[in-house]
Every structure is written in C-alpha cells, then in structure tokens.
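Student: Structure in structure tokens, see below.
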Amino acid sequence: MRTLIIQLPPGPAGPATVYPHALVQPERETASVRLQWSASTLLPSADRQTEVLVLLPAACLSWHRVELPPGLHKQASRLQAALQGLLEDRLLDDPAQLHMALQTGWKDLPQPWVGVCQRQWLREHLQALEQVGLQVHRIVPEIAPGKAPLQLLALGDAPSGWLWAAHPERGVWGMPLEPMRTLAERFGLSPQALQSAQLLAESAVVGPITEALGRPAQLMPPGQHWLQAVASDWDLAQFDFRANAQARYLKQGQKGLSALWNSPAWRPTRWALGLLLLSQVLGLNAWAWKTRVNWQAEEQSWARMLKDSFPQTQLVVDAPVQMAREVERLQQNSGQLGPADLEVMLAALGQALPAGTAAPRQWAYQNGQLRLQGFQAGASESSALKTALQARGYLLTPEGEGWLMSVTPAKESTP
C-alpha cells in the first residue's frame, strides 16, 4: 500500500504555497523517500490503495506533558476543555486558538505528551488539500518524543538547518545550526549525553555537525526521517479534526493488511499461514481420496454380493436396489409375504397400537401403502405409534384428515 506524505509549510495556505511531498511504500524493506515540491493543485492524486498522511513540521509543534484528572477518559466531551485548562499557563497564545492532540494510549499513561499547534493554520492547509481532492487519513508530527534514550537529527543545510532532539522524557526541542561553534554549549545537553545519543544528519550538514559536536554523524538521505514518522503510532487528527474517521479506520485496516502481505517483519507469519493453508488442502485431498476409496470398495463388495447371490445379473447399476428387487421377486414367486404386503402391515399396525387405543375405522391399501381413516388418538398416542412402527420398519405420516403407513426406504433396500 502506498503512502502519500505531504509536509505542511510553516506559512499560511495559499494558491502559490509549495508543499514538500513524497510517495513511499513503508512496508518494503528498502523503502526510501524521494522528495518533491509542488503547489497543492499539482500534488499527486490518491486512489483507494493510497493513504494520505499530513506531516507537521517540528518547528510548528510544541510538546507538553500533562497529568490528567482521574476518570477523564470516561468523559470525552470534557477532554479538550481540560487540556486547555491544564496548559493555559504554559502557552503564549490563547488555548482556544490552538489545536491540542494527546499521545496514543494516553489513558494508560500517568503523564502523556500533548502536541500543540496553531488551529487556524492547520485548518487552512487541510481545506486546501481537500479542495484538490485529497482526503487526509492521518496527521503525524515530523519529530515526536521517541522511545530511544535520545535521538539527534540534523536537518536542512548549514546556513538554515536545525538540530533537533527527541527524548522520551524531555520531549522535542531544536536550535539553528548556526553558529556551529557554540552549538554544543547552547543545546542544553551534557557532553556525555551528546556522545551517547544517536546522531543522524542529512548530507548537507553531516560534515559541519560532526565538527561541531566532535563525534561522527550517521548519514541520512534527505527526508528519510519521514519513514520514522509514518511508522509511529501518532495521530494528531483529534477533536475538531476527527472528520472522515471511518475513512481513516478503513485505511488503517488496509495498511495493516498491506504490511502483513509485504513487510519483512511479517515474513515468518506469511510462511506459517501458507504452510497452514497447504496442510489443510493436502489434508482435505487425502480425506477425499480415502472417502472415495472406501466408497468404491463398498460398491465393489455390494456388486460381488449381488453377482454371487444372483448369477443371472449381467449389469450392475445400483447393487442394493437390484438386490432388493431380486429378493422381492423371489418372495413373490415362493408365495412368501413381504413387509409391503397387506397382511404384514396390518399385523405390524396391530402390534404397534398402544393399549386402550381404538383401531382405525377405515383403511385402504394400494401398492404397499396403507391409508388409515377415522383414527382418533392424542398427541402422546400418535407419537408412541410412530415410534413403534418405526422400530418395525414403517413410516406413519399425516395425510389430510387421516394417516399414511408405508415401508421405510431402508426397509425396502434391505436384502
């Protein structure tokens, strides 16, 4: 699944506003970011297989830790007002003019992080993207408080670049790279922390930042840190910006399926699922083969029995039915009564009638079927009669105002 990442510029939205953007496939092992710049009307279109993700620049966000009152997660309508009250003394602007978003999983954290940015600025850019047909599914920060002890990112070029730090306890902060000589002293980190931190730098500033901090920096292609932002669980589309929530959930599901299908981390799971499906197919085929072999063996056994019992049979089509017909023909030729004869059926009916139940006043016999009329019996007597006749190989079913007694198919097929 493709992801269209659009970074919002710090300035206001307008017809001439240029948006840095990139089309990436984060699930791939060799995923890379190829930065492009264009106006909103020239941005790439997004199909159903594309997730549109808005990236908020690190310079446009401030980070604060809050301790929420107990039970606030049960009162979602009061959450935004509570955040504004908690952060009112820490913000320079009116809280009502700012957009605030909580860290994912904040209900289980004692002091979750809150990202804050200008509400009107964010709204204008989102409206500009919607006007060109781009539905935003997720809003993520360019740099967020990370899980690693400390990460340093040198972005941009030497004259205008910044050095950013992401720390799980201290949040995100940054300073301009110029002047380089005093960067280490002004950044607010001890020499030991600077030496142990993970230092990533884009190609234009890898040399100067290495010289300024006195330690080598790992080269990072421009915009490559966007992949880290995409992989995070942050989503700043909260409160007033929760529009299109259903579309976002759908994209998250599609993204999860795409990751399951393409991500290297899920390769063992894919192999396991494939082996499981293969074993199921092989098992079903083996079961079907065994069933077919048993059925063919049973057919052959019936055919041998038929030919052994009645050698005059030349063609075997349905051995049990042919054998039943031959037995019935022998019984008729020898004068023996069969289960479908009237005398046998009346005898079975007389034996099956419950004690104290009057016999039917009228009955009619035709082709192995005995119709009973005027049979008065309650539900319990009728049920007892059906059970008794079934044990003798007969069915008793209601027919209009009477009953129909017939030989069961199993009884007819028995040789």
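Naming scheme: A, B, ... for chains in displayed order of the structure tokens; residues 1 onward per chain; ligands 1 onward as shown.
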Please identify every residue of segment 34-59 of chain A that has at least one atom no farther than 12 Å from an atom of segment 206-225 of chain A, counting only C-alpha atoms, and for each give the shortest atom pair and the distance in Å to one decimal, arranged by chain then increasing number, as CSV.
Tutor:
```
residue,atom,partner,partner_atom,distance
A:Arg34,CA,A:Gly223,CA,7.5
A:Leu35,CA,A:Gly223,CA,6.6
A:Gln36,CA,A:Gly223,CA,10.1
A:Leu55,CA,A:His225,CA,11.3
A:Pro57,CA,A:Gly223,CA,11.7
A:Ala58,CA,A:His225,CA,11.7
```
Student: Compile the contact shell of Ala144 of chain A as a ChimeraX atom specification: residues with an atom at most 12 Å away, counting only C-alpha atoms, same-chain residues fewer than 2 positions apart removed.
Tutor: /A:55-64,102-104,113-116,140-142,146-148,150-153,164-174,225-226,228-236
Student: Quick one: which segment 352-382 of chain A residues come within 8 Å of segment 334-348 of chain A, and what is the nearest atom pair for each with the distance in Å to one decimal, counting only C-alpha atoms, rows ordered by chain and ascending number, as JSON lines?
Tutor:
```
{"residue": "A:Ala352", "atom": "CA", "partner": "A:Ala348", "partner_atom": "CA", "distance": 6.1}
{"residue": "A:Tyr365", "atom": "CA", "partner": "A:Leu342", "partner_atom": "CA", "distance": 6.9}
{"residue": "A:Asn367", "atom": "CA", "partner": "A:Ala340", "partner_atom": "CA", "distance": 7.8}
{"residue": "A:Gly368", "atom": "CA", "partner": "A:Ala340", "partner_atom": "CA", "distance": 4.5}
{"residue": "A:Gln369", "atom": "CA", "partner": "A:Ala340", "partner_atom": "CA", "distance": 7.4}
{"residue": "A:Leu370", "atom": "CA", "partner": "A:Met345", "partner_atom": "CA", "distance": 7.7}
```
Student: Counting only C-alpha atoms, what is within 12 Å of segment 293-305 of chain A, bar same-chain residues fewer than 2 positions away, as a PyMOL selection string?
Tutor: chain A and resi 286-291+307-311+313-324+414-415
Student: Could you turn the residues from that selection into a file that holds C-alpha atoms, as a tab-separated table (two decimals), in the first residue's frame?
Tutor:
```tsv
chain	number	residue	atom	x	y	z
A	286	ALA	CA	-6.24	-37.01	1.47
A	287	TRP	CA	-9.61	-37.24	3.24
A	288	ALA	CA	-11.48	-37.05	-0.09
A	289	TRP	CA	-9.22	-39.74	-1.58
A	290	LYS	CA	-9.76	-42.03	1.41
A	291	THR	CA	-13.53	-41.48	1.28
A	307	LYS	CA	-23.49	-61.49	-8.54
A	308	ASP	CA	-22.78	-64.26	-6.03
A	309	SER	CA	-26.41	-64.32	-4.88
A	310	PHE	CA	-27.98	-63.83	-8.30
A	311	PRO	CA	-25.60	-65.03	-11.03
A	313	THR	CA	-27.39	-60.42	-13.18
A	314	GLN	CA	-25.37	-59.12	-16.12
A	315	LEU	CA	-25.15	-55.36	-15.45
A	316	VAL	CA	-24.71	-53.83	-12.02
A	317	VAL	CA	-26.00	-50.25	-11.75
A	318	ASP	CA	-27.19	-49.93	-8.14
A	319	ALA	CA	-26.40	-53.14	-6.31
A	320	PRO	CA	-28.55	-52.59	-3.13
A	321	VAL	CA	-31.68	-51.65	-5.13
A	322	GLN	CA	-31.17	-54.51	-7.62
A	323	MET	CA	-30.69	-56.96	-4.77
A	324	ALA	CA	-33.87	-55.78	-3.04
A	414	THR	CA	-32.58	-54.48	2.84
A	415	PRO	CA	-31.78	-57.81	1.09
```
Student: Based on DSSP run over this structure's backbone, return all residues of segment 67-268 of chain A in strand (DSSP E or B), as JSON, numbers by chain.
Tutor: {"A": [98, 99, 100, 101, 102, 113, 114, 115, 116, 117, 118, 138, 139, 140, 141, 151, 152, 153, 154, 155, 162, 163, 164, 165, 166, 167, 171, 172, 173, 174, 175, 176, 198, 199, 200, 201, 202, 218, 219, 220]}
